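Shown below: model-v5.txt, with compact mmCIF, C-alpha atoms.
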```txt
# COMPACT_ATOMS: atom_id res chain seq x y z
CA MET Z 17 -35.00 -1.69 34.93
CA SER Z 18 -31.73 0.06 34.14
CA LYS Z 19 -31.08 1.74 30.83
CA THR Z 20 -28.38 -0.71 29.76
CA ARG Z 21 -30.68 -3.62 30.45
CA ARG Z 22 -33.41 -2.05 28.33
CA ILE Z 23 -30.98 -1.55 25.45
CA GLU Z 24 -29.78 -5.13 25.81
CA ILE Z 25 -33.32 -6.48 25.66
CA LEU Z 26 -34.25 -4.36 22.63
CA VAL Z 27 -31.10 -5.32 20.73
CA GLY Z 28 -31.60 -8.95 21.72
CA ALA Z 29 -35.15 -8.85 20.38
CA PHE Z 30 -33.91 -7.30 17.13
CA MET Z 31 -31.21 -9.93 16.65
CA ALA Z 32 -33.66 -12.72 17.46
CA ALA Z 33 -36.24 -11.35 15.02
CA GLY Z 34 -33.62 -11.07 12.28
CA LEU Z 35 -32.34 -14.59 12.83
CA VAL Z 36 -35.88 -15.98 12.93
CA ALA Z 37 -36.52 -14.21 9.61
CA LEU Z 38 -33.40 -15.82 8.10
CA PHE Z 39 -34.48 -19.21 9.44
CA PHE Z 40 -37.93 -18.64 7.96
CA LEU Z 41 -36.40 -17.79 4.57
CA ALA Z 42 -34.42 -21.02 4.79
CA MET Z 43 -37.18 -23.37 5.84
CA GLN Z 44 -40.41 -21.86 4.58
CA VAL Z 45 -39.50 -19.82 1.50
CA SER Z 46 -36.63 -21.80 0.00
CA ASN Z 47 -36.23 -25.48 -0.67
CA LEU Z 48 -33.88 -26.11 2.27
CA GLY Z 49 -36.71 -27.50 4.40
CA SER Z 50 -37.72 -30.05 1.80
CA MET Z 51 -34.23 -30.76 0.55
CA HIS Z 52 -33.17 -34.36 0.84
CA GLY Z 53 -29.91 -34.07 2.65
CA GLY Z 54 -27.49 -36.87 2.97
CA ASP Z 55 -26.31 -39.55 0.67
CA THR Z 56 -27.02 -40.21 -2.94
CA TYR Z 57 -25.71 -42.85 -5.27
CA LYS Z 58 -25.02 -42.24 -8.93
CA ILE Z 59 -26.57 -43.99 -11.88
CA LEU Z 60 -26.11 -43.16 -15.55
CA ALA Z 61 -28.42 -43.09 -18.52
CA ARG Z 62 -27.67 -42.41 -22.18
CA PHE Z 63 -30.15 -40.46 -24.26
CA ASP Z 64 -30.24 -39.70 -28.00
CA ASN Z 65 -31.56 -36.24 -27.22
CA ILE Z 66 -32.02 -34.64 -23.82
CA GLY Z 67 -34.03 -31.66 -25.08
CA GLY Z 68 -33.91 -28.91 -22.46
CA LEU Z 69 -32.92 -31.05 -19.48
CA LYS Z 70 -30.79 -29.12 -16.99
CA VAL Z 71 -28.50 -30.07 -14.13
CA LYS Z 72 -30.44 -30.17 -10.81
CA ALA Z 73 -33.65 -31.20 -12.58
CA PRO Z 74 -35.65 -33.70 -10.51
CA VAL Z 75 -35.61 -37.45 -11.10
CA THR Z 76 -38.98 -39.00 -10.30
CA MET Z 77 -40.49 -42.44 -9.87
CA ALA Z 78 -44.28 -42.65 -9.96
CA GLY Z 79 -44.23 -38.85 -9.71
CA VAL Z 80 -42.27 -38.83 -6.45
CA GLU Z 81 -38.88 -37.15 -6.46
CA VAL Z 82 -36.21 -39.78 -5.83
CA GLY Z 83 -33.14 -37.86 -6.95
CA ARG Z 84 -31.61 -35.04 -8.94
CA VAL Z 85 -29.66 -34.75 -12.18
CA LEU Z 86 -26.05 -34.18 -11.15
CA ASP Z 87 -24.26 -33.83 -14.45
CA ILE Z 88 -24.92 -33.89 -18.18
CA TYR Z 89 -22.23 -34.39 -20.79
CA TYR Z 90 -21.81 -35.46 -24.38
CA ASP Z 91 -20.17 -38.78 -25.16
CA ALA Z 92 -18.26 -38.27 -28.41
CA LYS Z 93 -17.88 -42.04 -28.97
CA ASP Z 94 -21.49 -43.03 -29.37
CA PHE Z 95 -22.85 -39.54 -30.10
CA ARG Z 96 -25.23 -39.60 -27.19
CA ALA Z 97 -25.81 -37.49 -24.09
CA VAL Z 98 -24.93 -39.04 -20.75
CA VAL Z 99 -27.07 -37.97 -17.81
CA VAL Z 100 -25.64 -38.66 -14.35
CA MET Z 101 -28.35 -38.91 -11.72
CA GLY Z 102 -27.92 -38.87 -7.96
CA ILE Z 103 -30.57 -41.10 -6.39
CA TYR Z 104 -31.25 -40.63 -2.66
CA SER Z 105 -29.89 -43.62 -0.80
CA GLN Z 106 -33.21 -44.50 0.83
CA PHE Z 107 -34.47 -45.46 -2.65
CA ASP Z 108 -31.98 -48.29 -3.07
CA ALA Z 109 -34.28 -50.78 -4.79
CA VAL Z 110 -34.42 -49.54 -8.39
CA PRO Z 111 -34.68 -52.61 -10.68
CA ASP Z 112 -31.92 -52.88 -13.32
CA ASP Z 113 -34.42 -53.04 -16.20
CA THR Z 114 -35.84 -49.64 -15.26
CA PHE Z 115 -36.90 -47.46 -18.16
CA ALA Z 116 -35.72 -43.82 -18.12
CA LYS Z 117 -37.45 -41.12 -20.10
CA ILE Z 118 -37.32 -37.35 -20.26
CA LEU Z 119 -40.68 -35.79 -19.52
CA THR Z 120 -42.01 -32.27 -19.47
CA ALA Z 121 -43.99 -30.82 -16.59
CA GLY Z 122 -47.05 -29.39 -18.30
CA LEU Z 123 -47.00 -28.20 -21.89
CA LEU Z 124 -44.21 -25.66 -21.49
CA GLY Z 125 -42.83 -26.59 -18.10
CA GLU Z 126 -39.33 -27.64 -17.24
CA GLN Z 127 -38.06 -31.08 -18.15
CA TYR Z 128 -37.29 -33.86 -15.72
CA VAL Z 129 -36.30 -37.52 -15.78
CA GLY Z 130 -39.01 -40.10 -15.11
CA LEU Z 131 -38.06 -43.63 -14.12
CA ASP Z 132 -40.48 -46.51 -14.83
CA PRO Z 133 -39.43 -49.48 -12.70
CA GLY Z 134 -39.15 -52.81 -14.47
CA GLY Z 135 -39.82 -56.25 -13.07
CA SER Z 136 -36.30 -57.47 -12.47
CA SER Z 137 -35.27 -58.53 -9.00
CA VAL Z 138 -31.69 -57.32 -9.54
CA VAL Z 139 -31.32 -53.74 -8.37
CA LEU Z 140 -29.15 -50.96 -9.85
CA LYS Z 141 -25.95 -50.35 -7.95
CA ALA Z 142 -23.96 -47.13 -7.70
CA GLY Z 143 -22.33 -46.32 -11.04
CA SER Z 144 -24.46 -48.68 -13.11
CA GLU Z 145 -26.25 -47.67 -16.25
CA ILE Z 146 -29.89 -47.70 -17.28
CA ALA Z 147 -30.12 -49.58 -20.57
CA VAL Z 148 -33.50 -48.52 -21.93
CA THR Z 149 -34.13 -44.81 -22.42
CA GLN Z 150 -36.47 -42.56 -24.32
CA SER Z 151 -35.39 -39.16 -25.57
CA ALA Z 152 -37.03 -35.87 -24.84
CA LEU Z 153 -39.94 -34.91 -26.99
CA VAL Z 154 -38.74 -32.08 -29.22
CA LEU Z 155 -41.73 -30.03 -30.27
CA GLU Z 156 -40.24 -29.08 -33.65
CA ASP Z 157 -39.72 -32.75 -34.55
CA VAL Z 158 -43.31 -33.60 -33.65
CA ILE Z 159 -44.67 -30.72 -35.71
CA GLY Z 160 -42.33 -31.67 -38.56
CA GLN Z 161 -43.58 -35.25 -38.56
CA PHE Z 162 -47.17 -34.06 -38.47
CA ILE Z 163 -46.69 -31.77 -41.46
CA TYR Z 164 -44.80 -34.50 -43.34
CA GLY Z 165 -47.66 -36.93 -42.64
CA LYS Z 166 -50.24 -34.44 -43.88
CA ALA Z 167 -48.23 -33.80 -47.03
CA GLN Z 168 -48.07 -37.54 -47.78
CA GLU Z 169 -51.82 -37.85 -47.27
CA GLY Z 170 -52.36 -34.99 -49.73
CA ALA Z 171 -50.11 -36.64 -52.34
CA LYS Z 172 -52.23 -39.79 -52.47
CA MET N 30 -6.17 25.74 -19.94
CA ASP N 31 -8.41 26.67 -17.05
CA TRP N 32 -10.91 23.92 -17.67
CA LEU N 33 -8.09 21.40 -17.89
CA ALA N 34 -6.79 22.54 -14.53
CA ALA N 35 -10.31 22.32 -13.10
CA LEU N 36 -10.66 18.77 -14.38
CA GLY N 37 -7.33 17.88 -12.82
CA ARG N 38 -8.39 19.41 -9.52
CA VAL N 39 -11.58 17.34 -9.51
CA GLY N 40 -9.65 14.18 -10.31
CA LEU N 41 -7.06 14.81 -7.62
CA SER N 42 -9.61 15.63 -4.95
CA PHE N 43 -11.57 12.50 -5.87
CA ALA N 44 -8.47 10.34 -5.56
CA ALA N 45 -7.57 11.98 -2.26
CA ARG N 46 -11.08 11.36 -0.92
CA LEU N 47 -10.96 7.72 -1.98
CA GLY N 48 -7.59 7.35 -0.28
CA ARG N 49 -8.81 8.97 2.94
CA ALA N 50 -11.89 6.74 2.91
CA SER N 51 -9.76 3.60 2.48
CA LEU N 52 -7.38 4.64 5.26
CA LEU N 53 -10.35 5.31 7.52
CA PHE N 54 -11.75 1.85 6.77
CA VAL N 55 -8.47 0.20 7.71
CA ALA N 56 -8.26 2.34 10.87
CA MET N 57 -11.78 1.26 11.84
CA LEU N 58 -10.95 -2.41 11.33
CA ARG N 59 -7.94 -1.94 13.58
CA GLY N 60 -10.29 -0.83 16.33
CA LEU N 61 -11.99 -4.26 16.34
CA PRO N 62 -10.11 -5.80 19.30
CA GLU N 63 -10.69 -2.68 21.37
CA MET N 64 -14.38 -2.77 20.56
CA LEU N 65 -14.68 -6.44 21.51
CA ARG N 66 -13.38 -5.52 24.97
CA ARG N 67 -16.18 -2.95 25.33
CA PRO N 68 -19.25 -4.67 23.83
CA HIS N 69 -21.64 -2.09 25.30
CA LEU N 70 -20.41 0.42 22.69
CA LEU N 71 -21.57 -1.92 19.93
CA LEU N 72 -24.82 -2.59 21.75
CA GLU N 73 -25.74 1.10 21.86
CA GLN N 74 -25.02 1.44 18.15
CA LEU N 75 -27.02 -1.68 17.32
CA LEU N 76 -29.92 0.02 19.06
CA SER N 77 -29.71 3.26 17.11
CA VAL N 78 -28.67 1.76 13.77
CA GLY N 79 -30.61 -1.50 13.83
CA VAL N 80 -33.51 -1.53 16.27
CA LEU N 81 -34.76 1.95 15.46
CA THR N 82 -34.73 1.13 11.73
CA VAL N 83 -36.94 -1.93 12.17
CA LEU N 84 -40.21 -0.03 12.02
CA ILE N 85 -39.66 1.64 8.64
CA ILE N 86 -38.26 -1.62 7.23
CA ALA N 87 -41.24 -3.61 8.49
CA VAL N 88 -43.84 -1.20 7.14
CA SER N 89 -42.13 -0.86 3.74
CA GLY N 90 -41.62 -4.63 3.52
CA ILE N 91 -45.29 -5.34 4.04
CA PHE N 92 -46.37 -2.73 1.50
CA VAL N 93 -43.81 -3.72 -1.13
CA GLY N 94 -44.96 -7.33 -0.74
CA MET N 95 -48.59 -6.32 -1.08
CA VAL N 96 -47.90 -4.32 -4.23
CA LEU N 97 -45.95 -7.26 -5.68
CA GLY N 98 -48.90 -9.49 -4.86
CA LEU N 99 -51.35 -7.19 -6.64
CA GLN N 100 -49.24 -6.44 -9.71
CA GLY N 101 -48.05 -10.02 -9.99
CA TYR N 102 -51.58 -11.34 -9.75
CA TYR N 103 -52.89 -9.08 -12.51
CA ILE N 104 -50.09 -9.98 -14.90
CA LEU N 105 -49.92 -13.68 -14.07
CA SER N 106 -53.69 -14.18 -14.20
CA ARG N 107 -53.66 -13.09 -17.85
CA PHE N 108 -51.66 -16.21 -18.58
CA GLY N 109 -53.52 -18.35 -16.07
CA ALA N 110 -50.36 -18.65 -14.01
CA GLU N 111 -51.58 -17.27 -10.66
CA ALA N 112 -50.19 -20.39 -9.05
CA THR N 113 -46.67 -19.03 -9.48
CA LEU N 114 -47.49 -15.81 -7.60
CA GLY N 115 -45.59 -17.04 -4.54
CA VAL N 116 -42.48 -17.72 -6.60
CA MET N 117 -42.61 -14.30 -8.21
CA VAL N 118 -43.09 -12.46 -4.93
CA ALA N 119 -40.45 -14.45 -3.05
CA ALA N 120 -37.86 -14.43 -5.83
CA SER N 121 -38.06 -10.69 -6.43
CA LEU N 122 -37.93 -9.99 -2.70
CA VAL N 123 -35.17 -12.38 -1.74
CA ARG N 124 -32.94 -11.67 -4.73
CA GLU N 125 -33.39 -7.96 -5.37
CA LEU N 126 -35.92 -5.89 -3.51
CA GLY N 127 -35.07 -7.16 -0.04
CA PRO N 128 -31.39 -6.20 -0.07
CA VAL N 129 -31.72 -3.12 -2.31
CA VAL N 130 -34.76 -1.39 -0.81
CA THR N 131 -33.52 -2.20 2.69
CA ALA N 132 -30.16 -0.63 1.83
CA LEU N 133 -31.82 2.49 0.39
CA LEU N 134 -34.03 2.88 3.46
CA PHE N 135 -31.04 2.14 5.68
CA ALA N 136 -29.06 4.92 3.99
CA GLY N 137 -31.94 7.33 4.47
CA ARG N 138 -32.80 6.39 8.04
CA ALA N 139 -29.56 5.21 9.68
CA GLY N 140 -26.84 6.47 7.32
CA SER N 141 -27.94 10.10 7.42
CA ALA N 142 -28.22 9.93 11.22
CA LEU N 143 -24.71 8.49 11.46
CA SER N 144 -23.26 11.24 9.25
CA ALA N 145 -25.03 14.01 11.12
CA GLU N 146 -24.01 12.62 14.50
CA ILE N 147 -20.34 12.18 13.60
CA GLY N 148 -20.27 15.49 11.72
CA LEU N 149 -21.65 17.32 14.74
CA MET N 150 -19.17 15.55 16.99
CA LYS N 151 -16.45 16.88 14.75
CA ALA N 152 -17.96 20.38 14.54
CA THR N 153 -18.28 20.62 18.32
CA GLU N 154 -14.74 19.24 18.69
CA GLN N 155 -15.78 16.20 20.68
CA LEU N 156 -13.55 14.03 18.53
CA SER N 157 -10.56 16.27 19.21
CA GLY N 158 -11.54 16.15 22.89
CA LEU N 159 -11.35 12.38 22.87
CA GLU N 160 -7.96 12.57 21.23
CA MET N 161 -6.80 14.96 23.96
CA MET N 162 -7.77 12.31 26.50
CA ALA N 163 -5.61 9.80 24.63
CA VAL N 164 -8.68 7.93 23.35
CA ASN N 165 -8.56 7.02 19.69
CA PRO N 166 -11.82 8.45 18.30
CA GLU N 167 -11.68 6.21 15.24
CA HIS N 168 -11.62 3.10 17.40
CA ARG N 169 -13.95 4.30 20.11
CA VAL N 170 -16.57 6.15 18.06
CA LEU N 171 -16.42 4.88 14.50
CA THR N 172 -15.68 1.14 14.72
CA PRO N 173 -18.82 0.23 16.73
CA ARG N 174 -20.94 2.17 14.24
CA LEU N 175 -19.44 0.37 11.26
CA ILE N 176 -19.84 -3.07 12.80
CA ALA N 177 -23.38 -2.29 13.93
CA GLY N 178 -24.26 -1.31 10.36
CA ILE N 179 -22.71 -4.46 8.91
CA LEU N 180 -24.49 -6.69 11.43
CA SER N 181 -27.84 -4.95 11.10
CA MET N 182 -28.21 -4.89 7.33
CA PRO N 183 -28.61 -8.65 6.67
CA LEU N 184 -31.03 -8.98 9.58
CA LEU N 185 -33.08 -6.01 8.37
CA ALA N 186 -33.08 -7.34 4.80
CA ALA N 187 -34.25 -10.75 6.01
CA LEU N 188 -37.06 -9.11 7.99
CA PHE N 189 -38.01 -7.08 4.93
CA SER N 190 -38.17 -10.17 2.72
CA VAL N 191 -40.17 -12.24 5.18
CA LEU N 192 -42.71 -9.49 5.82
CA GLY N 193 -42.90 -8.89 2.07
CA VAL N 194 -43.65 -12.55 1.45
CA TYR N 195 -46.45 -12.28 4.02
CA GLY N 196 -47.68 -9.06 2.41
CA GLY N 197 -47.87 -10.81 -0.94
CA TRP N 198 -49.56 -13.75 0.75
CA PHE N 199 -52.14 -11.45 2.35
CA VAL N 200 -53.09 -9.88 -0.99
CA GLY N 201 -52.73 -12.99 -3.17
CA VAL N 202 -54.23 -15.62 -0.89
CA GLY N 203 -56.36 -13.48 1.40
CA LEU N 204 -57.90 -11.02 -1.03
CA LEU N 205 -57.51 -12.38 -4.56
CA GLY N 206 -58.08 -16.07 -3.93
CA VAL N 207 -54.82 -17.78 -4.89
CA ASP N 208 -54.68 -21.18 -3.20
CA ASP N 209 -52.80 -21.11 0.09
CA GLY N 210 -51.04 -24.43 -0.43
CA THR N 211 -50.00 -23.58 -3.99
CA TYR N 212 -48.57 -20.23 -2.92
CA TRP N 213 -46.15 -21.84 -0.46
CA ALA N 214 -45.49 -25.08 -2.32
CA GLN N 215 -44.52 -23.38 -5.59
CA MET N 216 -42.32 -20.99 -3.65
CA GLN N 217 -40.54 -23.79 -1.83
CA SER N 218 -39.94 -25.80 -4.95
CA GLN N 219 -38.63 -22.92 -7.05
CA ILE N 220 -36.60 -20.82 -4.60
CA ASP N 221 -33.21 -22.30 -3.96
CA TRP N 222 -31.49 -21.85 -0.61
CA SER N 223 -27.95 -21.33 -1.83
CA ASP N 224 -28.70 -19.67 -5.18
CA ASP N 225 -31.38 -17.26 -4.06
CA VAL N 226 -31.40 -16.78 -0.31
CA VAL N 227 -27.68 -16.96 0.43
CA ASN N 228 -26.85 -14.67 -2.49
CA GLY N 229 -29.42 -12.20 -1.21
CA VAL N 230 -27.80 -12.29 2.23
CA ILE N 231 -24.34 -11.75 0.69
CA LYS N 232 -25.73 -8.74 -1.17
CA SER N 233 -27.16 -7.26 1.98
CA VAL N 234 -23.85 -7.71 3.85
CA VAL N 235 -22.01 -5.90 1.02
CA PHE N 236 -24.59 -3.10 1.08
CA GLY N 237 -24.25 -2.91 4.86
CA VAL N 238 -20.50 -2.39 4.56
CA VAL N 239 -20.86 0.20 1.79
CA CYS N 240 -23.68 2.20 3.37
CA SER N 241 -22.12 2.40 6.84
CA TRP N 242 -18.70 3.12 5.40
CA ILE N 243 -19.98 6.00 3.25
CA ALA N 244 -22.07 7.41 6.11
CA ILE N 245 -19.20 7.31 8.61
CA PHE N 246 -16.67 8.68 6.14
CA GLN N 247 -18.90 11.57 5.09
CA GLY N 248 -19.49 12.49 8.71
CA TYR N 249 -15.84 12.18 9.65
CA ASP N 250 -14.60 14.03 6.58
CA CYS N 251 -17.12 16.88 6.64
CA VAL N 252 -16.30 20.56 6.88
CA PRO N 253 -16.93 21.21 10.60
CA THR N 254 -19.62 23.84 10.19
CA SER N 255 -23.39 23.57 10.20
CA GLU N 256 -23.41 23.87 6.42
CA GLY N 257 -20.70 21.22 6.12
CA VAL N 258 -22.69 18.79 8.26
CA SER N 259 -25.82 19.34 6.20
CA ARG N 260 -23.86 18.74 2.99
CA ALA N 261 -22.29 15.60 4.42
CA THR N 262 -25.72 14.23 5.32
CA THR N 263 -27.04 14.89 1.83
CA ARG N 264 -23.98 13.34 0.23
CA THR N 265 -24.35 10.24 2.41
CA VAL N 266 -27.82 9.55 1.12
CA VAL N 267 -26.97 10.33 -2.52
CA HIS N 268 -23.68 8.42 -2.61
CA SER N 269 -25.05 5.44 -0.70
CA SER N 270 -28.06 5.13 -2.99
CA LEU N 271 -25.94 5.37 -6.13
CA ALA N 272 -23.37 2.91 -4.77
CA VAL N 273 -26.07 0.43 -3.77
CA LEU N 274 -27.81 0.54 -7.15
CA GLY N 275 -24.56 0.31 -9.09
CA LEU N 276 -23.14 -2.47 -6.93
CA ASP N 277 -26.42 -4.35 -7.13
CA PHE N 278 -26.05 -4.59 -10.89
CA VAL N 279 -22.47 -5.85 -10.58
CA LEU N 280 -23.36 -8.37 -7.88
CA THR N 281 -26.40 -9.62 -9.78
CA ALA N 282 -24.31 -10.07 -12.92
CA LEU N 283 -21.74 -12.04 -10.92
CA MET N 284 -24.17 -14.15 -8.90
CA PHE N 285 -27.06 -15.11 -11.15
CA LYS N 286 -25.93 -16.60 -14.39
```

Target encoding structure tokens, full file:
Amino acid sequence: MSKTRRIEILVGAFMAAGLVALFFLAMQVSNLGSMHGGDTYKILARFDNIGGLKVKAPVTMAGVEVGRVLDIYYDAKDFRAVVVMGIYSQFDAVPDDTFAKILTAGLLGEQYVGLDPGGSSVVLKAGSEIAVTQSALVLEDVIGQFIYGKAQEGAK
Amino acid sequence: MDWLAALGRVGLSFAARLGRASLLFVAMLRGLPEMLRRPHLLLEQLLSVGVLTVLIIAVSGIFVGMVLGLQGYYILSRFGAEATLGVMVAASLVRELGPVVTALLFAGRAGSALSAEIGLMKATEQLSGLEMMAVNPEHRVLTPRLIAGILSMPLLAALFSVLGVYGGWFVGVGLLGVDDGTYWAQMQSQIDWSDDVVNGVIKSVVFGVVCSWIAIFQGYDCVPTSEGVSRATTRTVVHSSLAVLGLDFVLTALMFK
């Protein structure tokens, strides 16, 4: 085996190992392997309070991820937050009376949107809006209500 | 007045150095077409800059990952959050430790060798010899070394990160009893391809450019004596390390908001 050939093989092995490592980072370490590529369609939902919901948070149905939050903005006309969700196109049968609520993963985990399908046979189309929503649970409000309730009990 | 003059001298020599380094960089880029016609030059440099650095990168990667696994486990288990060990190990490796530690090791292993080699070439007048034969030493000798450094760094950093993740896996899952499935699943759901991995790769490319550039410039610009070469080698390691750490802060501030 000539010297050049040996160098070529060693360098080739190095490049291959490096590229395999990059591929491994992509598929095994990061979310690229499990990312739902391809098409999504947008649906909207208005919430009184989105709590700590962030763009890219998952949208789930029965606990299964069916989409991602694409955009969040404030609608100055009706004083509510509009959450734009991208639903993967294979989940194209979301009933139009679906109920959207903001949930928290665990006690202190990140927040995500949960969809509870309704019974309607009409499905949501791209750009349509979910009518029934439930705001995020804000811990301070809950504690406030609890203390207020206790105080009222004490006053009796 | 003397100290003012001294300060001025330092400033001027710094500016001159920076100018020479920039000119050298441009000259090396100009050698690209010539290098592409002689790929074996690049191949030889990839061997000495990349392949021969793999061993130290691999060993350090595994040990850094194992230490992260241990330390992370002890801290996270206090909060009952051992399940996120994989995320912690992978995020710190892919975002910071992979590119930075690889660059520091690269400066110590490959950068110092580059400086010493080029410095000795200059001291023994091999570079002038090339010029006498109408061969441009910047294109023939320096360009392949720069490109080899730039190509090697991201690959080495990726190897470092992957082996580190396995090191953390060995300690966390193998020795301390974190669940295997949780380790990988949490990692996959929390580490983002474009935010974390791609930014880490961009960092390592930048470090590759900076480290090879500094090493080559120090070698090429050294005083052609044995003392000069030794100083150039030292400066390569010191300047590269400082540049990498400083740039890392800037890049992190720009990338991760």

Could you list, as number ranges by chain, every residue of chain N that has an atom within 7 Å of an atom of chain Z, counting all atoms listed in the file?
N: 72-73, 75-76, 80, 184-185, 187-188, 191, 216-218, 220-222

If I wrap all listed atoms of region 275-278 of chain N in a box with edges along x, y and z and add 8 Å on each side, what are its centre and edge lengths in Å to one decimal, as JSON?
```
{"center_x": -24.8, "center_y": -2.1, "center_z": -8.9, "size_x": 19.3, "size_y": 20.9, "size_z": 20.0}
```

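Take CA of Ala87 (chain N) and CA of Val200 (chain N): the distance between them is 16.4 Å.
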
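If you look at CA of Gln247 (chain N) and CA of Thr172 (chain N), they are 14.6 Å away from each other.
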
Write out as a compact mmCIF listing (two decimals) with C-alpha atoms, keeping the file's coordinate frame each polymer residue whose atoms come within 12 Å of Met284 (chain N), counting all atoms listed in the file; drop sequence neighbours fewer than 4 positions from it.
```txt
# COMPACT_ATOMS: atom_id res chain seq x y z
CA ARG N 124 -32.94 -11.67 -4.73
CA GLU N 125 -33.39 -7.96 -5.37
CA SER N 223 -27.95 -21.33 -1.83
CA ASP N 224 -28.70 -19.67 -5.18
CA ASP N 225 -31.38 -17.26 -4.06
CA VAL N 226 -31.40 -16.78 -0.31
CA VAL N 227 -27.68 -16.96 0.43
CA ASN N 228 -26.85 -14.67 -2.49
CA GLY N 229 -29.42 -12.20 -1.21
CA VAL N 230 -27.80 -12.29 2.23
CA ILE N 231 -24.34 -11.75 0.69
CA LYS N 232 -25.73 -8.74 -1.17
CA LEU N 276 -23.14 -2.47 -6.93
CA ASP N 277 -26.42 -4.35 -7.13
CA PHE N 278 -26.05 -4.59 -10.89
CA VAL N 279 -22.47 -5.85 -10.58
CA LEU N 280 -23.36 -8.37 -7.88
```

Extract, using all atoms listed in the file, all DNA, RNA and protein residues at most 10 Å from region 145-161 of chain Z, discarding same-chain residues fewer than 6 positions from it, and format them as JSON, numbers by chain.
{"Z": [58, 59, 60, 61, 62, 63, 64, 65, 66, 67, 68, 69, 97, 98, 99, 100, 111, 112, 113, 114, 115, 116, 117, 118, 119, 120, 127, 128, 129, 130, 131, 167]}

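Interatomic distance, CA of Met57 (chain N) against CA of Trp242 (chain N): 9.6 Å.
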
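Excluding Asp108 (chain Z) itself and any same-chain residue fewer than 6 positions from it, the protein and nucleic acid residues within 12 Å of it, counting only C-alpha atoms, are Z:Asp55, Z:Thr56, Z:Tyr57, Z:Lys58, Z:Ile59, Z:Val82, Z:Gly83, Z:Gly102, Z:Val138, Z:Val139, Z:Leu140, Z:Lys141, Z:Ala142.
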
Residues within 7 Å of region 70-73 of chain Z, please, as a PDB file with C-alpha atoms, in the coordinates of the input. Count only C-alpha atoms; anything in the same chain fewer than 5 positions from it doesn't count.
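Contents of result.pdb, as written:
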```pdb
ATOM      1  CA  ARG Z  84     -31.610 -35.040  -8.940  1.00  0.00           C
ATOM      2  CA  VAL Z  85     -29.660 -34.750 -12.180  1.00  0.00           C
ATOM      3  CA  LEU Z  86     -26.050 -34.180 -11.150  1.00  0.00           C
ATOM      4  CA  ASP Z  87     -24.260 -33.830 -14.450  1.00  0.00           C
ATOM      5  CA  ILE Z  88     -24.920 -33.890 -18.180  1.00  0.00           C
ATOM      6  CA  TYR Z 128     -37.290 -33.860 -15.720  1.00  0.00           C
TER       7      TYR Z 128
END
```

Protein and nucleic acid residues near (-23.8, 20.8, 6.9) (cut-off 12 Å, all atoms listed in the file) as a PyMOL selection string:
chain N and resi 141+144-149+151-152+247-248+250-265

Please return as number ranges by chain every residue within 12 Å of (-46.9, -26.5, -15.6), taking into account all atoms listed in the file and the file's own coordinates.
Z: 119-127; N: 108-113, 215

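Restricting the calculation to only C-alpha atoms, the smallest distance between Ile104 (chain N) and any of N:Leu175, N:Val267, N:Leu274, N:Met117 is found for N:Met117.
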
From the structure block, carefully write region 123-147 of chain Z out with C-alpha atoms; format it as a tab-separated table (two decimals), in the first residue's frame.
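Output file result05.tsv follows:
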```
chain	number	residue	atom	x	y	z
Z	123	LEU	CA	-46.44	21.36	38.23
Z	124	LEU	CA	-43.74	23.72	36.97
Z	125	GLY	CA	-43.25	22.45	33.43
Z	126	GLU	CA	-43.68	24.35	30.22
Z	127	GLN	CA	-47.11	25.20	28.91
Z	128	TYR	CA	-48.73	23.72	25.84
Z	129	VAL	CA	-52.08	23.79	24.06
Z	130	GLY	CA	-54.40	20.82	24.53
Z	131	LEU	CA	-57.24	20.23	22.10
Z	132	ASP	CA	-60.33	18.29	23.24
Z	133	PRO	CA	-62.22	17.17	20.14
Z	134	GLY	CA	-65.95	17.83	20.09
Z	135	GLY	CA	-68.66	15.78	18.46
Z	136	SER	CA	-69.33	17.83	15.36
Z	137	SER	CA	-68.95	16.22	11.96
Z	138	VAL	CA	-67.79	19.49	10.39
Z	139	VAL	CA	-64.01	19.74	10.49
Z	140	LEU	CA	-61.84	22.84	10.99
Z	141	LYS	CA	-60.35	24.19	7.80
Z	142	ALA	CA	-57.14	26.17	7.36
Z	143	GLY	CA	-57.52	29.64	8.86
Z	144	SER	CA	-60.62	28.88	10.90
Z	145	GLU	CA	-60.97	29.69	14.55
Z	146	ILE	CA	-61.62	27.58	17.62
Z	147	ALA	CA	-64.61	29.10	19.42
```
